[in-house]
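Undergrad: The structure that follows is given in the form of structure tokens.
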Amino acid sequence: MANDKYETHEYDVIVIGAGGAGLRAAIEASAAGVKTALICKSLLGKAHTVMAEGGIAAALRNVYQEDNWKVHFRDTMRGGKMLNNWRMAQLHAQEAPDRVLELEEWGALFDRTKDGRILQRDFGGHRYARLAHVGDRTGLEMIRTLQQHAVHKGIDVYMECNIQRLLKDGDRVCGAFGYWRESGKFVTFKSKAIVLATGGVGKAWKFTSNSWEYTGDGTTLAADVGADLIDMEMIQFHPTGMVWPNSVRGILVTEGVRGDGGTLRNSEGERFMFNYITDYFRAETAETEEEADAWYEDKTNNRRTPDLLPRDEVARAINAEVKAGRGSPHGGVLLDIASRRSAEYIARRLPSMHHQFKELADVDITKEPMEVGPTCHYIMGGVRVEADTAATTVPGLYAAGEVAAGLHGANRLGGNSLSDLLVFGRRAGLYAAQYAQNLEGHPSPDADQIEQYAQELLAPFNNDGGENPYTVHMALQDCMQNLVGIIRTESELKKAQTEIASLKERLAKVTVEGHRQYNPGWNLALDLQSLLTTAEATTMGALERKESRGGHTREDHPGPDPDKYGKINLVLRRKDGELSLSEEPLPEMPDDLKELFEESK
Amino acid sequence: METTFKVYRFDPENGSKPDFATYQVDLPDSATVMDGLRQIRDEQDPSLAFRASCERGSCGDCALRINKKGRLGCTLKIAKTVKNGVVTVEPIRNIPVLKDLVYDLESFLWKKIKSVQPWITPRGPEPDGEYVVAEEQLAEVRKAMSCIMCGLCDEGCAVIKIDKDFVGPAALTKAYRAVFDPRDGQHDERLTLVSEPGGVWDCTHCFEANGHCPLGLEPTDRLFEVRDEAIRQGIRSGTQNPKVQRHYDSFLNSVKRSGWLDEGRLAIESEGLTNVAGLAKLLPTVIRAIPKGKAPMPYFHPKRPGAQAIRRIIDKAQRSEV
């Protein structure tokens, strides 16, 4: 039994992370009648969900009657290059429409069709216009709605609280330990069940759309208590990030620009995406500019523009154009909507992009093209979960949203993230609550263990004369950007492994000045441990997967290997402190779903 | 570009008073104020505390007072704000500071936003699919939809500066959204709630909120629209705010009677003729105003030319209102 030396709270379910998945999980757990807390590293409403732009993918059939869950399921699986967990993809496609409607009941209001119903927008890899949206600020609407609903329901929220360790009682989790950013003091949460909803790992790369929070915390917390990670090599480089000015390089430019009619051009003015249509998507992609342009208005008789191929395809194409010397002045390509749509339409559909380019780049997107290039955006891999319940391989521990893996396979389609958060956030909250209800007794963390963790977390204050944590962070970002980027190769990945190992040693010696109260240097020193763990996991997976698939492209293994790597997940697990890797077969898809892929050929 | 950053530093733990520290940064012309702060933190002083998330003006985490103006640090270029080579960065005003540029938003913003209960309660039975919402209705709601809760409108608010109980433009912009949501089933309750003391009637029309909103949502206008809607619905005062109805009645009667406003009488009648305590509170103001010739004599209020015509206009408007 803990002696409660530190501030201690007790709950049935704690949810770590307050983006879309965390909020949705907390709402569901609380509604199931268990005592629930929501803990987040930043302030409520600043999580990455707020930055989501394009929309929520759901087969609502408001714009195209032909759409249904099976089409959405198929698009998701094919977009993920069939590495997805089929059951997750099925549940996701089936439940997304209800989750969208539920958001509206809680106060969200999406853009409307002429007859007053939810409007849907085109996005890459989706056969039909499918994304419910609010201009290009969909995430803002979603997170405000969830946040207000959670506050309305009286859920306890602990903000600026950084969880650093999960606590265990035997095999199962029984709580979490961390510190308040404001005071630097430690806090223990005893809990029967825990939902991880901590998001991604993007801050390991130099050019990233991710904010400071995305340091792989949940992935590392889970791995540290013995949970399995899968697909860690699958990183999504979003094709369109800002490339200039340098200080904003990496900031996201929504796929909605292309969804609403924008097109990619190289320095010669050519719509180069027509040169990068792979056999995999040839049958469903337009071959001429005329067909591509006509598709926006008539999807029945035309095929989709190659500008809207899945993100992995477009990112590689841009990368290749720049390498071939056909890039824009600052090393990207041109994204042009100004010459294709009216200024009024652009300002109405893409207000945030309009504002962002004006403020940050002095570019008026209603008059000039944007310069864009790939930016690290999302990790498809993460904590392995059971499809229906979002349970990890550790009893009492659940995961949802970007921190969880499986739904998106080797590449995520745009719009499938917000729907993922809602569908699996809800499921994680529901099953965590059920688990807590069925568990007898109180969670009882081990006081000695907590004390040991407290000492570990204070270690950076004890070093003298070491380097500043920021220099370690920058070195890691350079390493991952240069050696574990869009295009990978064995020699570089090995070099990255050596580099990460030496960064671990450097991290152990960093010096933190000042005291614990709101000390960003100390906070970063601790977050760097998670960043290095996830960077190591990604590099291990990338080295092992000797093929190219989705978000993992090997220069030395350029094609997919359907007979070996197409059939397995790479699983990472901590054994005696070290990550070890094994292969496991993908879950077998039932025959009735397999038919969906036969028909399409 | 070489720039001097003067940054507000405050550390409650070492007991010293807040002070400005000076740093030199060298950044390209395109750099933002946040880029400057990050360079200071990353390369000169890792203990400098500030908040910042999205880096592109969509989360509202980095609201600061920069060269004496409330701004989002992430979208403000140094080149656009620098004065004589100096950028001064402070926390926003009217708010408890925790450390350096980090402040306590709970009392300042969130408590107030919660107090207007910005969540909607749909009216009528749940529809089969979504609620059908016409484009014109959506256009009304859209005016407030992109609020990022940065708090800069409250930071600029002239009333909050002297009255911490004023719920403020940020919360009232949230209220606006719910008031004009065609699905909301609590229209009148909501309008009553925002008409209570500390609500819409405490705004003094300085329009500072409009000038401060980085998203251009014009919070002052939103507040006025909420108030106009309350008047339209016959809700002039909340359950605890009879002064508003008295003020409204006195204002109207005065203009009807004499064609213009009897300010002295308005002050007395707003407090209520039997409200001795309220009237006594007016006295010091009146006493200070008399020697400056600024205390209007109540009840001795001549009619202005055209008063008859004004009266006819009001009568006509009142008839059509009912």
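Here, A, B, ... name the chains of the structure tokens in the order displayed, residue numbers run from 1 inside each chain, and ligands are numbered from 1 in the same displayed order.
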Any idea what's packed within 10 Å of segment 86-93 of chain A, counting only C-alpha atoms, ignoring anything in its chain fewer than 3 positions away? Could you give it as a count of residues only?
TA: 44
Undergrad: Find the residues near Glu136 of chain B: any atom within 12 Å, counting only C-alpha atoms, skip ones fewer than 3 places away on the same chain, and give them as a PDB file with N, CA, C and O atoms, in the first residue's frame.
TA:
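Once everything was written out, this is part-v1.pdb:
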ATOM      1  N   ASP A 111     -20.421  22.186 -41.629  1.00  0.00           N
ATOM      2  CA  ASP A 111     -20.882  22.878 -42.821  1.00  0.00           C
ATOM      3  C   ASP A 111     -22.021  22.080 -43.440  1.00  0.00           C
ATOM      4  O   ASP A 111     -22.114  20.866 -43.261  1.00  0.00           O
ATOM      5  N   ARG A 112     -22.883  22.781 -44.173  1.00  0.00           N
ATOM      6  CA  ARG A 112     -24.123  22.179 -44.623  1.00  0.00           C
ATOM      7  C   ARG A 112     -24.233  22.077 -46.142  1.00  0.00           C
ATOM      8  O   ARG A 112     -23.663  22.900 -46.869  1.00  0.00           O
ATOM      9  N   LYS A 114     -26.886  22.168 -49.497  1.00  0.00           N
ATOM     10  CA  LYS A 114     -27.940  23.139 -49.809  1.00  0.00           C
ATOM     11  C   LYS A 114     -29.240  22.828 -49.072  1.00  0.00           C
ATOM     12  O   LYS A 114     -29.990  23.727 -48.731  1.00  0.00           O
ATOM     13  N   ASP A 115     -29.491  21.537 -48.825  1.00  0.00           N
ATOM     14  CA  ASP A 115     -30.732  21.213 -48.120  1.00  0.00           C
ATOM     15  C   ASP A 115     -30.530  21.102 -46.602  1.00  0.00           C
ATOM     16  O   ASP A 115     -31.339  20.500 -45.901  1.00  0.00           O
ATOM     17  N   GLY A 116     -29.437  21.672 -46.108  1.00  0.00           N
ATOM     18  CA  GLY A 116     -29.295  21.807 -44.659  1.00  0.00           C
ATOM     19  C   GLY A 116     -28.738  20.596 -43.938  1.00  0.00           C
ATOM     20  O   GLY A 116     -28.768  20.522 -42.710  1.00  0.00           O
TER      21      GLY A 116
ATOM     22  N   VAL B 132     -31.601  19.487 -39.561  1.00  0.00           N
ATOM     23  CA  VAL B 132     -31.497  20.280 -40.786  1.00  0.00           C
ATOM     24  C   VAL B 132     -31.282  21.736 -40.380  1.00  0.00           C
ATOM     25  O   VAL B 132     -32.023  22.280 -39.559  1.00  0.00           O
ATOM     26  N   VAL B 133     -30.223  22.325 -40.886  1.00  0.00           N
ATOM     27  CA  VAL B 133     -29.888  23.701 -40.524  1.00  0.00           C
ATOM     28  C   VAL B 133     -29.688  24.503 -41.804  1.00  0.00           C
ATOM     29  O   VAL B 133     -28.871  24.130 -42.651  1.00  0.00           O
ATOM     30  N   ALA B 139     -24.859  30.780 -40.923  1.00  0.00           N
ATOM     31  CA  ALA B 139     -24.047  31.980 -41.073  1.00  0.00           C
ATOM     32  C   ALA B 139     -23.987  32.764 -39.762  1.00  0.00           C
ATOM     33  O   ALA B 139     -22.946  33.324 -39.407  1.00  0.00           O
ATOM     34  N   GLU B 140     -25.094  32.796 -39.027  1.00  0.00           N
ATOM     35  CA  GLU B 140     -25.118  33.484 -37.732  1.00  0.00           C
ATOM     36  C   GLU B 140     -24.150  32.819 -36.754  1.00  0.00           C
ATOM     37  O   GLU B 140     -23.331  33.467 -36.116  1.00  0.00           O
ATOM     38  N   VAL B 141     -24.257  31.503 -36.642  1.00  0.00           N
ATOM     39  CA  VAL B 141     -23.422  30.767 -35.684  1.00  0.00           C
ATOM     40  C   VAL B 141     -21.946  30.878 -36.068  1.00  0.00           C
ATOM     41  O   VAL B 141     -21.069  31.011 -35.218  1.00  0.00           O
ATOM     42  N   ARG B 142     -21.698  30.850 -37.387  1.00  0.00           N
ATOM     43  CA  ARG B 142     -20.329  30.865 -37.875  1.00  0.00           C
ATOM     44  C   ARG B 142     -19.546  32.089 -37.403  1.00  0.00           C
ATOM     45  O   ARG B 142     -18.335  32.036 -37.260  1.00  0.00           O
ATOM     46  N   LYS B 143     -20.258  33.184 -37.162  1.00  0.00           N
ATOM     47  CA  LYS B 143     -19.574  34.403 -36.736  1.00  0.00           C
ATOM     48  C   LYS B 143     -18.744  34.182 -35.479  1.00  0.00           C
ATOM     49  O   LYS B 143     -17.813  34.926 -35.206  1.00  0.00           O
ATOM     50  N   PHE B 180     -27.571  31.640 -30.699  1.00  0.00           N
ATOM     51  CA  PHE B 180     -27.987  31.636 -32.097  1.00  0.00           C
ATOM     52  C   PHE B 180     -27.925  30.261 -32.753  1.00  0.00           C
ATOM     53  O   PHE B 180     -28.081  30.145 -33.958  1.00  0.00           O
ATOM     54  N   ASP B 181     -27.689  29.250 -31.943  1.00  0.00           N
ATOM     55  CA  ASP B 181     -27.739  27.887 -32.486  1.00  0.00           C
ATOM     56  C   ASP B 181     -29.208  27.493 -32.639  1.00  0.00           C
ATOM     57  O   ASP B 181     -29.942  27.439 -31.656  1.00  0.00           O
ATOM     58  N   PRO B 182     -29.637  27.245 -33.883  1.00  0.00           N
ATOM     59  CA  PRO B 182     -31.063  26.999 -34.102  1.00  0.00           C
ATOM     60  C   PRO B 182     -31.575  25.742 -33.391  1.00  0.00           C
ATOM     61  O   PRO B 182     -32.779  25.559 -33.264  1.00  0.00           O
TER      62      PRO B 182
END
Undergrad: Could you name the residues that touch Arg316 of chain A at 12 Å or less, counting only C-alpha atoms, but leaving out those on the same chain fewer than 6 positions away, as a PyMOL selection string?
TA: chain A and resi 236-240+272-273+275-278+309-310+322-323+373-375+485-488+548-555+558
Undergrad: Once you have the residues from the selection above, write them out as a CSV table (one decimal), in the first residue's frame, restricted to N, CA, C and O atoms.
TA:
chain,number,residue,atom,x,y,z
A,236,GLN,N,3.9,8.6,-41.1
A,236,GLN,CA,3.3,9.3,-42.2
A,236,GLN,C,4.0,10.7,-42.4
A,236,GLN,O,4.0,11.5,-41.4
A,237,PHE,N,4.5,10.9,-43.6
A,237,PHE,CA,5.0,12.2,-43.9
A,237,PHE,C,3.9,12.8,-44.8
A,237,PHE,O,3.6,12.3,-45.9
A,238,HIS,N,3.3,13.8,-44.2
A,238,HIS,CA,2.2,14.5,-44.9
A,238,HIS,C,2.8,15.2,-46.1
A,238,HIS,O,3.8,15.9,-46.0
A,239,PRO,N,2.2,15.0,-47.3
A,239,PRO,CA,2.9,15.6,-48.5
A,239,PRO,C,3.0,17.1,-48.4
A,239,PRO,O,3.9,17.7,-49.0
A,240,THR,N,2.0,17.8,-47.8
A,240,THR,CA,2.0,19.2,-47.9
A,240,THR,C,2.2,19.9,-46.5
A,240,THR,O,1.2,20.2,-45.8
A,272,PHE,N,2.6,17.1,-62.0
A,272,PHE,CA,3.5,15.9,-62.1
A,272,PHE,C,2.9,14.7,-61.5
A,272,PHE,O,3.4,13.6,-61.7
A,273,MET,N,1.8,14.8,-60.7
A,273,MET,CA,1.3,13.6,-60.1
A,273,MET,C,0.8,12.6,-61.1
A,273,MET,O,0.7,11.4,-60.8
A,275,ASN,N,2.5,11.5,-63.4
A,275,ASN,CA,3.6,10.6,-63.6
A,275,ASN,C,3.9,9.6,-62.5
A,275,ASN,O,4.8,8.8,-62.6
A,276,TYR,N,3.1,9.7,-61.4
A,276,TYR,CA,3.4,8.9,-60.3
A,276,TYR,C,2.3,8.0,-59.9
A,276,TYR,O,2.1,7.6,-58.7
A,277,ILE,N,1.4,7.6,-60.8
A,277,ILE,CA,0.3,6.7,-60.5
A,277,ILE,C,0.8,5.3,-60.5
A,277,ILE,O,1.3,4.8,-61.6
A,278,THR,N,0.8,4.7,-59.4
A,278,THR,CA,1.3,3.3,-59.3
A,278,THR,C,0.2,2.3,-59.8
A,278,THR,O,-0.9,2.6,-59.8
A,309,LEU,N,-4.2,11.0,-54.5
A,309,LEU,CA,-3.7,9.7,-54.1
A,309,LEU,C,-3.4,9.7,-52.6
A,309,LEU,O,-3.3,10.8,-52.0
A,310,PRO,N,-3.4,8.5,-52.0
A,310,PRO,CA,-3.0,8.5,-50.6
A,310,PRO,C,-1.7,9.3,-50.3
A,310,PRO,O,-0.9,9.4,-51.1
A,322,VAL,N,11.6,17.1,-56.2
A,322,VAL,CA,12.6,18.0,-55.7
A,322,VAL,C,14.0,17.4,-55.9
A,322,VAL,O,14.9,18.2,-56.4
A,323,LYS,N,14.2,16.1,-55.7
A,323,LYS,CA,15.5,15.5,-56.0
A,323,LYS,C,15.9,15.6,-57.4
A,323,LYS,O,17.1,15.7,-57.7
A,373,GLY,N,6.0,20.9,-49.1
A,373,GLY,CA,6.8,19.7,-49.1
A,373,GLY,C,6.5,18.8,-47.9
A,373,GLY,O,5.8,19.3,-47.0
A,374,PRO,N,6.9,17.6,-48.0
A,374,PRO,CA,6.5,16.6,-46.9
A,374,PRO,C,7.0,17.1,-45.5
A,374,PRO,O,8.0,17.7,-45.3
A,375,THR,N,6.1,16.7,-44.6
A,375,THR,CA,6.4,17.0,-43.2
A,375,THR,C,6.0,15.8,-42.3
A,375,THR,O,4.9,15.2,-42.6
A,485,GLY,N,14.0,9.1,-42.5
A,485,GLY,CA,13.0,10.0,-43.1
A,485,GLY,C,12.0,9.2,-44.1
A,485,GLY,O,11.7,8.1,-43.8
A,486,ILE,N,11.7,9.9,-45.2
A,486,ILE,CA,10.7,9.3,-46.1
A,486,ILE,C,11.3,8.1,-46.8
A,486,ILE,O,10.7,7.0,-47.0
A,487,ILE,N,12.6,8.3,-47.3
A,487,ILE,CA,13.3,7.2,-48.0
A,487,ILE,C,14.4,6.7,-47.1
A,487,ILE,O,15.2,7.5,-46.7
A,488,ARG,N,14.4,5.4,-46.9
A,488,ARG,CA,15.3,4.8,-45.9
A,488,ARG,C,16.2,3.8,-46.6
A,488,ARG,O,15.8,3.2,-47.6
A,548,SER,N,9.1,-2.0,-49.2
A,548,SER,CA,8.5,-0.7,-49.2
A,548,SER,C,7.0,-0.8,-49.1
A,548,SER,O,6.5,-1.6,-50.0
A,549,ARG,N,6.4,-0.2,-48.2
A,549,ARG,CA,5.0,-0.3,-48.0
A,549,ARG,C,4.5,0.9,-47.2
A,549,ARG,O,5.0,1.2,-46.1
A,550,GLY,N,3.6,1.7,-47.8
A,550,GLY,CA,3.0,2.8,-47.1
A,550,GLY,C,4.0,3.8,-46.6
A,550,GLY,O,4.8,4.3,-47.4
A,551,GLY,N,3.9,4.0,-45.3
A,551,GLY,CA,4.8,5.0,-44.7
A,551,GLY,C,6.2,4.5,-44.5
A,551,GLY,O,7.0,5.2,-43.7
A,552,HIS,N,6.6,3.4,-45.1
A,552,HIS,CA,7.9,2.9,-44.9
A,552,HIS,C,8.5,2.6,-46.3
A,552,HIS,O,8.1,1.6,-47.0
A,553,THR,N,9.5,3.4,-46.7
A,553,THR,CA,10.0,3.2,-48.1
A,553,THR,C,11.5,2.9,-48.0
A,553,THR,O,12.3,3.7,-47.4
A,554,ARG,N,11.9,1.8,-48.5
A,554,ARG,CA,13.3,1.4,-48.4
A,554,ARG,C,13.9,1.5,-49.8
A,554,ARG,O,13.5,0.8,-50.7
A,555,GLU,N,14.9,2.4,-49.9
A,555,GLU,CA,15.6,2.5,-51.2
A,555,GLU,C,16.3,1.2,-51.6
A,555,GLU,O,16.3,0.9,-52.8
A,558,PRO,N,12.9,-1.6,-52.9
A,558,PRO,CA,12.0,-0.7,-53.4
A,558,PRO,C,10.5,-1.2,-53.5
A,558,PRO,O,9.6,-0.4,-53.5
Undergrad: Which of these residues is nearest to Ala31 of chain B, using only C-alpha atoms: A:Asp217, A:Gly241, A:Glu359, A:Ile230?
TA: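 For Ala31 of chain B, the nearest of the given residues is A:Glu359.
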Undergrad: When distances are computed from only C-alpha atoms, which of B:Thr22, B:Glu106, B:Ala178, B:Arg71 shows the smallest separation from Leu43 of chain A?
TA: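 That would be B:Glu106, the residue with the smallest distance to Leu43 of chain A.
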Undergrad: Gln308 of chain B: which residues within 12 Å, counting only C-alpha atoms, same-chain residues fewer than 2 positions away excluded, as an mmCIF file with all heavy atoms, in the first residue's frame?
TA:
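Just written: result-v4.cif:
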data_model
loop_
_atom_site.group_PDB
_atom_site.id
_atom_site.type_symbol
_atom_site.label_atom_id
_atom_site.label_comp_id
_atom_site.auth_asym_id
_atom_site.auth_seq_id
_atom_site.Cartn_x
_atom_site.Cartn_y
_atom_site.Cartn_z
ATOM 1 N N VAL B 255 -36.784 59.723 -23.091
ATOM 2 C CA VAL B 255 -36.732 60.125 -24.498
ATOM 3 C C VAL B 255 -38.133 60.397 -25.025
ATOM 4 O O VAL B 255 -38.378 61.329 -25.792
ATOM 5 C CB VAL B 255 -35.997 59.064 -25.347
ATOM 6 C CG1 VAL B 255 -35.998 59.457 -26.824
ATOM 7 C CG2 VAL B 255 -34.569 58.880 -24.851
ATOM 8 N N LYS B 256 -39.072 59.600 -24.568
ATOM 9 C CA LYS B 256 -40.460 59.772 -25.003
ATOM 10 C C LYS B 256 -41.016 61.111 -24.503
ATOM 11 O O LYS B 256 -41.721 61.810 -25.208
ATOM 12 C CB LYS B 256 -41.303 58.643 -24.392
ATOM 13 C CG LYS B 256 -41.876 57.689 -25.431
ATOM 14 C CD LYS B 256 -42.581 56.529 -24.765
ATOM 15 C CE LYS B 256 -44.027 56.467 -25.207
ATOM 16 N NZ LYS B 256 -44.654 55.199 -24.742
ATOM 17 N N ARG B 257 -40.640 61.434 -23.275
ATOM 18 C CA ARG B 257 -41.177 62.612 -22.626
ATOM 19 C C ARG B 257 -40.576 63.885 -23.233
ATOM 20 O O ARG B 257 -41.278 64.793 -23.594
ATOM 21 C CB ARG B 257 -40.854 62.558 -21.118
ATOM 22 C CG ARG B 257 -41.655 63.546 -20.271
ATOM 23 C CD ARG B 257 -41.245 63.437 -18.800
ATOM 24 N NE ARG B 257 -41.239 62.073 -18.297
ATOM 25 C CZ ARG B 257 -40.145 61.387 -17.945
ATOM 26 N NH1 ARG B 257 -38.964 61.932 -18.016
ATOM 27 N NH2 ARG B 257 -40.251 60.149 -17.493
ATOM 28 N N SER B 258 -39.225 63.896 -23.351
ATOM 29 C CA SER B 258 -38.594 65.176 -23.692
ATOM 30 C C SER B 258 -37.793 65.127 -24.988
ATOM 31 O O SER B 258 -37.191 66.104 -25.386
ATOM 32 C CB SER B 258 -37.679 65.612 -22.544
ATOM 33 O OG SER B 258 -36.755 64.585 -22.273
ATOM 34 N N GLY B 259 -37.752 63.950 -25.605
ATOM 35 C CA GLY B 259 -37.024 63.851 -26.865
ATOM 36 C C GLY B 259 -35.538 63.569 -26.683
ATOM 37 O O GLY B 259 -34.822 63.318 -27.630
ATOM 38 N N TRP B 260 -35.035 63.616 -25.477
ATOM 39 C CA TRP B 260 -33.637 63.272 -25.212
ATOM 40 C C TRP B 260 -33.484 62.776 -23.793
ATOM 41 O O TRP B 260 -34.447 62.710 -23.030
ATOM 42 C CB TRP B 260 -32.697 64.419 -25.549
ATOM 43 C CG TRP B 260 -32.969 65.735 -24.858
ATOM 44 C CD1 TRP B 260 -34.193 66.304 -24.636
ATOM 45 C CD2 TRP B 260 -32.005 66.621 -24.295
ATOM 46 N NE1 TRP B 260 -34.074 67.488 -24.000
ATOM 47 C CE2 TRP B 260 -32.734 67.735 -23.778
ATOM 48 C CE3 TRP B 260 -30.619 66.613 -24.204
ATOM 49 C CZ2 TRP B 260 -32.095 68.793 -23.154
ATOM 50 C CZ3 TRP B 260 -30.000 67.695 -23.590
ATOM 51 C CH2 TRP B 260 -30.724 68.768 -23.061
ATOM 52 N N LYS B 303 -37.851 69.976 -22.856
ATOM 53 C CA LYS B 303 -38.075 69.220 -24.100
ATOM 54 C C LYS B 303 -37.180 69.774 -25.186
ATOM 55 O O LYS B 303 -36.960 70.982 -25.255
ATOM 56 C CB LYS B 303 -39.525 69.394 -24.543
ATOM 57 C CG LYS B 303 -40.485 68.499 -23.818
ATOM 58 C CD LYS B 303 -41.863 68.566 -24.462
ATOM 59 C CE LYS B 303 -42.814 67.702 -23.646
ATOM 60 N NZ LYS B 303 -44.196 67.739 -24.139
ATOM 61 N N ARG B 304 -36.689 68.897 -26.009
ATOM 62 C CA ARG B 304 -35.896 69.389 -27.126
ATOM 63 C C ARG B 304 -36.816 69.571 -28.346
ATOM 64 O O ARG B 304 -37.897 68.971 -28.408
ATOM 65 C CB ARG B 304 -34.731 68.468 -27.468
ATOM 66 C CG ARG B 304 -35.118 67.007 -27.733
ATOM 67 C CD ARG B 304 -34.064 66.313 -28.519
ATOM 68 N NE ARG B 304 -34.069 66.858 -29.884
ATOM 69 C CZ ARG B 304 -32.985 67.025 -30.622
ATOM 70 N NH1 ARG B 304 -31.803 66.706 -30.141
ATOM 71 N NH2 ARG B 304 -33.064 67.513 -31.844
ATOM 72 N N PRO B 305 -36.386 70.406 -29.302
ATOM 73 C CA PRO B 305 -37.245 70.584 -30.483
ATOM 74 C C PRO B 305 -37.479 69.233 -31.177
ATOM 75 O O PRO B 305 -36.570 68.398 -31.215
ATOM 76 C CB PRO B 305 -36.414 71.512 -31.385
ATOM 77 C CG PRO B 305 -35.369 72.120 -30.502
ATOM 78 C CD PRO B 305 -35.162 71.199 -29.360
ATOM 79 N N GLY B 306 -38.661 69.047 -31.619
ATOM 80 C CA GLY B 306 -38.975 67.805 -32.338
ATOM 81 C C GLY B 306 -39.340 66.657 -31.423
ATOM 82 O O GLY B 306 -39.455 65.505 -31.846
ATOM 83 N N ILE B 310 -40.374 62.593 -32.166
ATOM 84 C CA ILE B 310 -39.653 61.444 -31.600
ATOM 85 C C ILE B 310 -40.623 60.534 -30.853
ATOM 86 O O ILE B 310 -40.591 59.313 -30.973
ATOM 87 C CB ILE B 310 -38.523 61.951 -30.669
ATOM 88 C CG1 ILE B 310 -37.425 62.618 -31.509
ATOM 89 C CG2 ILE B 310 -37.949 60.814 -29.828
ATOM 90 C CD1 ILE B 310 -36.363 63.330 -30.711
ATOM 91 N N ARG B 311 -41.532 61.146 -30.144
ATOM 92 C CA ARG B 311 -42.515 60.363 -29.409
ATOM 93 C C ARG B 311 -43.363 59.503 -30.356
ATOM 94 O O ARG B 311 -43.627 58.320 -30.090
ATOM 95 C CB ARG B 311 -43.404 61.310 -28.608
ATOM 96 C CG ARG B 311 -44.361 60.547 -27.722
ATOM 97 C CD ARG B 311 -45.359 61.437 -27.018
ATOM 98 N NE ARG B 311 -46.133 60.585 -26.155
ATOM 99 C CZ ARG B 311 -46.123 60.651 -24.847
ATOM 100 N NH1 ARG B 311 -45.408 61.563 -24.238
ATOM 101 N NH2 ARG B 311 -46.817 59.795 -24.125
ATOM 102 N N ARG B 312 -43.738 60.127 -31.486
ATOM 103 C CA ARG B 312 -44.555 59.373 -32.449
ATOM 104 C C ARG B 312 -43.786 58.181 -33.018
ATOM 105 O O ARG B 312 -44.329 57.106 -33.186
ATOM 106 C CB ARG B 312 -45.018 60.305 -33.587
ATOM 107 C CG ARG B 312 -46.239 61.156 -33.227
ATOM 108 C CD ARG B 312 -46.921 61.690 -34.489
ATOM 109 N NE ARG B 312 -46.055 62.517 -35.308
ATOM 110 C CZ ARG B 312 -45.837 63.829 -35.096
ATOM 111 N NH1 ARG B 312 -46.449 64.470 -34.106
ATOM 112 N NH2 ARG B 312 -45.022 64.513 -35.889
ATOM 113 N N ILE B 313 -42.505 58.410 -33.248
ATOM 114 C CA ILE B 313 -41.668 57.303 -33.776
ATOM 115 C C ILE B 313 -41.632 56.153 -32.770
ATOM 116 O O ILE B 313 -41.809 54.981 -33.117
ATOM 117 C CB ILE B 313 -40.227 57.793 -34.070
ATOM 118 C CG1 ILE B 313 -40.232 58.789 -35.231
ATOM 119 C CG2 ILE B 313 -39.303 56.608 -34.394
ATOM 120 C CD1 ILE B 313 -38.908 59.507 -35.443
ATOM 121 N N ILE B 314 -41.415 56.510 -31.501
ATOM 122 C CA ILE B 314 -41.323 55.465 -30.471
ATOM 123 C C ILE B 314 -42.653 54.720 -30.347
ATOM 124 O O ILE B 314 -42.695 53.487 -30.304
ATOM 125 C CB ILE B 314 -40.907 56.075 -29.115
ATOM 126 C CG1 ILE B 314 -39.481 56.639 -29.215
ATOM 127 C CG2 ILE B 314 -40.982 55.021 -28.002
ATOM 128 C CD1 ILE B 314 -39.028 57.405 -27.984
ATOM 129 N N ASP B 315 -43.746 55.483 -30.341
ATOM 130 C CA ASP B 315 -45.067 54.839 -30.243
ATOM 131 C C ASP B 315 -45.277 53.852 -31.370
ATOM 132 O O ASP B 315 -45.727 52.725 -31.168
ATOM 133 C CB ASP B 315 -46.179 55.904 -30.287
ATOM 134 C CG ASP B 315 -46.297 56.649 -28.953
ATOM 135 O OD1 ASP B 315 -45.787 56.097 -27.937
ATOM 136 O OD2 ASP B 315 -46.865 57.755 -28.928
#
Undergrad: Quick one: residues within 12 Å of Lys495 of chain A, only C-alpha atoms, excluding same-chain residues fewer than 4 positions away - as a PyMOL selection string?
TA: chain A and resi 479-480+482-484+488-491+499-502+536+539-540+543
Undergrad: Tell me, as a VMD selection string, which residues lie within 10 Å of Leu282 of chain B, counting only C-alpha atoms; anything in the same chain fewer than 6 positions away does not count.
TA: chain B and resid 267 to 268 271
Undergrad: As a ChimeraX atom specification, list the residues of segment 1-43 of chain A assigned to strand (DSSP E) by DSSP on the backbone atoms of this structure.
TA: /A:7-16,36-39
Undergrad: Report as a ChimeraX atom specification: the residues of segment 91-263 of chain B with a DSSP assignment of alpha helix (DSSP H), based on the backbone of this structure.
TA: /B:105,111-115,135-145,152-156,158-162,168-179,187-194,208-212,219-232,242-258,263
Undergrad: Give the answer as one residue: which of A:Ile27, A:Met142, A:Ala193, A:Glu584 has the shortest atom-to-atom distance to Leu570 of chain A, using only C-alpha atoms?
TA: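 The answer is A:Glu584, which sits nearest to Leu570 of chain A.
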